[in-house]
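Structure first, then comments.
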Amino acid sequence: MVEDKIQFIGITAYPGVIYAKCKKVKSYESSPTHHRTDLNTEERNLDAHRFLDAIQKTEVEIQNVIQECRNESGGIDLVEILNSQKEILNDPMLKDGVLERIRNNGECASLALENTVQRIYDEFIELEDEFFRDRADHIQDIGKRLSQNINNPNHSTRNKLELKEPAILVAKDLSPSELISLDKSMILGIATDHGGKTGHMAIIARNYGIPTIVGLKNFSTFIEDGEFLLLDAERGFIKRNADMEEFKSFGERCLLPLPSDSINQKALATMDGTRVFLKANLETDEECDDVIKKKAEGIGLYRSEILYIQLKSHTPTEEEQFRVYKNILKSMKDMPVVIRVFDIGADKYEVGSHEANPFLGNRGIRYLLRHTNLFKEQLRALLRASIYGKLNILIPMVSSISEVLDTKKLLQESIEELDSEGIEYSDEIALGIMVETPACALGLDEFLKHVDFISVGTNDLLQYTMAVERNNYAISSLYNPFHFVFLELLEQIVTKANKKKKPVSICGEIATDPDMTGILLAMGYRDLSVAPPFLPLIQDRIRNMKLRKQKSLYKKIKSLAREEKFYEIELLIKEDVL
């Protein structure tokens, strides 16, 4: 019989409130195949080959899911997550661990896999560091796929869970591939025992706007399939047996509504009058109407490389680009629009040749300046579209002054070409750079002499500052935005920009995290660009905070950061929000 525990506290991964019936999802279980520990030499070799064949088949399966995800909204994040899973397949911790158990212990492939996966999973989930715990789900996800391919190579790659009616999913763990393969229109909410708000499953849930609570500990063991739950992913708890009055007070709704018209007639500001500009990160030109309804004050980042996903068969032409840029600028009217030139290479799109370390290789502006015909086509398309709105061009992955000067030279060449062809363009286009390499951040005073504005790309800046690839789960604990060096670097950037009177914004993942909003304002940032679903929530946070209080909170956070007390920082922020 299920214990009569009523309320469970967890971590909000995506806000919202829902009251609905739940559907329990079984956690990963080992194959029912009879396990052996007495394989002879010939059988050990056969099972080693079975395991290696399963790795190959699993890699093909993941690649097929990647192709499907390229058509999804937020596809870039999903592809990045799945690519990191492909890397895990050949990681020595997993691959060599299984092969050693087969060859040295005489374990059959399925048992060797189960033992290795469980050992790695247990190590990760027991660590205090949230970044390791977040990625433990990948280990089980990969283990499940490999187990299926070892024991039943002809199985369907489709997840067998089917939702016959809308429900809140309840699970011990929910792997990224399980969530991707489900019909998201039937998922009203998600509640899991394990995971964190930066975990990959949580990122996928956020992309689909599904209210999600993670880190509920042993919550799933208390819940029966089909019972009704009140999931409050704004305050981070789930309640069983909510009475009718509670249900009426919440209703079935999301806590990311459009703010009322009366509120939106006022400029966005804190309670003590500090003006803040909140813009949107744009995935496709079709999202413009949505971000306008949500009262975004412009587009802080349009990732133009999304066109490589939308036009899978060929490189986007000048004309195809022009139509998209024109549509965005016209839709946003007189509001500023920042369009980042193609950021290809590394984890986003292949550049045609293998690189040992693509994150430190031919990517972003480096690639574009080595393919000037491609770059000039994009610059021409941007110039032609500039007459339809307020265009700002952003250069990614800058690490040297020459890259800015070479871009300016190509931009001038493109202007001269359009002049000779009698084609109109605006003469009020701002040129900016993304601050996402330590070289750019530390040498910012010099860079600011050559640009009109800067935008901080915190995702890459953090990984390069900490010398840790953000997709590498084995060292992901180092990918921590609360590291005191990273906090100080962010402060230095905004201080230098303000001193030179150059506009500065943050468009990275940190800006989209509502718990970071007050910290960024305390540092001195006044221009943020966030994922569209989070616009109303962050607007509400800003309107209900006092800058003076946030500065005091930030002083405490910096002190804790120097002592690397990251769990205490999370608690401090949560207390402030509540």
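Every chain in the structure tokens has a letter given in the order shown (A, B, ...), and although residue numbers restart at 1 in each chain, ligands are simply numbered from 1 in the order shown.
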Quick one: residues within 8 Å of Leu89 (chain A), only C-alpha atoms, excluding same-chain residues fewer than 4 positions away - as a PDB file with N, CA, C and O atoms, in the first residue's frame?
```
ATOM      1  N   ILE A  55      27.248  -1.296 -30.000  1.00  0.00           N
ATOM      2  CA  ILE A  55      27.688   0.100 -29.994  1.00  0.00           C
ATOM      3  C   ILE A  55      27.464   0.725 -31.364  1.00  0.00           C
ATOM      4  O   ILE A  55      26.947   1.836 -31.484  1.00  0.00           O
ATOM      5  N   GLU A  59      24.828   3.751 -32.197  1.00  0.00           N
ATOM      6  CA  GLU A  59      25.293   5.013 -32.771  1.00  0.00           C
ATOM      7  C   GLU A  59      24.441   5.406 -33.974  1.00  0.00           C
ATOM      8  O   GLU A  59      24.096   6.571 -34.157  1.00  0.00           O
ATOM      9  N   GLN A  85      25.672  12.140 -26.324  1.00  0.00           N
ATOM     10  CA  GLN A  85      25.429  10.723 -26.058  1.00  0.00           C
ATOM     11  C   GLN A  85      26.272   9.838 -26.970  1.00  0.00           C
ATOM     12  O   GLN A  85      26.759   8.780 -26.567  1.00  0.00           O
ATOM     13  N   LEU A  94      33.039   3.545 -20.160  1.00  0.00           N
ATOM     14  CA  LEU A  94      31.964   2.609 -20.460  1.00  0.00           C
ATOM     15  C   LEU A  94      32.467   1.459 -21.315  1.00  0.00           C
ATOM     16  O   LEU A  94      32.336   0.286 -20.950  1.00  0.00           O
ATOM     17  N   LYS A  95      33.052   1.790 -22.462  1.00  0.00           N
ATOM     18  CA  LYS A  95      33.439   0.765 -23.432  1.00  0.00           C
ATOM     19  C   LYS A  95      34.462  -0.207 -22.868  1.00  0.00           C
ATOM     20  O   LYS A  95      34.264  -1.433 -22.891  1.00  0.00           O
ATOM     21  N   ILE A 142      21.986   5.332 -22.413  1.00  0.00           N
ATOM     22  CA  ILE A 142      22.879   4.582 -23.287  1.00  0.00           C
ATOM     23  C   ILE A 142      22.863   3.098 -22.924  1.00  0.00           C
ATOM     24  O   ILE A 142      22.847   2.222 -23.797  1.00  0.00           O
TER      25      ILE A 142
END
```
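Rounded to one decimal, CA of Glu287 (chain A) and CA of Ile387 (chain A) lie 20.8 Å from each other.
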Could you pull out the alpha helix (DSSP H) residues of region 344-428 of chain A, going by DSSP on the backbone, and write them as number ranges by chain? A: 365-369, 372-385, 401-421
Quick one: residues within 10 Å of region 479-489 of chain A, only C-alpha atoms, excluding same-chain residues fewer than 5 positions away - as a ChimeraX atom specification? /A:129-131,438,441-442,458-459,461-473,494-495,510,516,519-520,523,557-566,569-570
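Using only C-alpha atoms for every distance, the candidate list A:Gln550, A:Asn90, A:Ser529, A:Asn207 yields A:Ser529 as the residue closest to Ala296 (chain A).
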Residue nearest Phe51 (chain A) - candidates A:Arg541, A:Arg103, A:Lys279, A:Lys502, atoms counted: only C-alpha atoms: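 Among the listed residues, A:Arg103 lies closest to Phe51 (chain A).
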Might you pull out every residue within 8 Å of region 423-437 of chain A, with only C-alpha atoms counted and same-chain residues fewer than 5 positions away left off, and present them as a VMD selection string? chain A and resid 383 to 387 390 to 399 418 451 to 462 464 to 465
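Between CA of Phe8 (chain A) and CA of Gly209 (chain A) lies a distance of 21.9 Å.
If you count only C-alpha atoms and ignore residues fewer than 6 places along the chain from region 447-450 of chain A, what sits within 8 Å of it is Ile401, Val404, Leu405, Cys440, Ala497, Lys500 and Lys502 of chain A.
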Residues just named, written with N, CA and C atoms as a compact mmCIF listing (two decimals), in the first residue's frame:
```txt
# COMPACT_ATOMS: atom_id res chain seq x y z
N ILE A 401 41.72 40.97 -32.84
CA ILE A 401 41.27 42.22 -33.46
C ILE A 401 41.18 42.07 -34.96
N VAL A 404 37.86 41.13 -36.44
CA VAL A 404 36.89 42.24 -36.53
C VAL A 404 37.21 43.12 -37.73
N LEU A 405 38.48 43.45 -37.92
CA LEU A 405 38.88 44.32 -39.02
C LEU A 405 38.64 43.64 -40.37
N CYS A 440 39.08 37.57 -25.82
CA CYS A 440 38.21 38.72 -26.08
C CYS A 440 37.82 39.39 -24.77
N ALA A 497 32.60 47.73 -20.52
CA ALA A 497 31.67 48.22 -21.54
C ALA A 497 31.00 49.51 -21.10
N LYS A 500 33.31 52.51 -21.36
CA LYS A 500 33.50 52.98 -22.74
C LYS A 500 32.18 53.41 -23.38
N LYS A 502 29.65 51.61 -24.26
CA LYS A 502 29.24 50.70 -25.33
C LYS A 502 28.14 49.77 -24.81
```
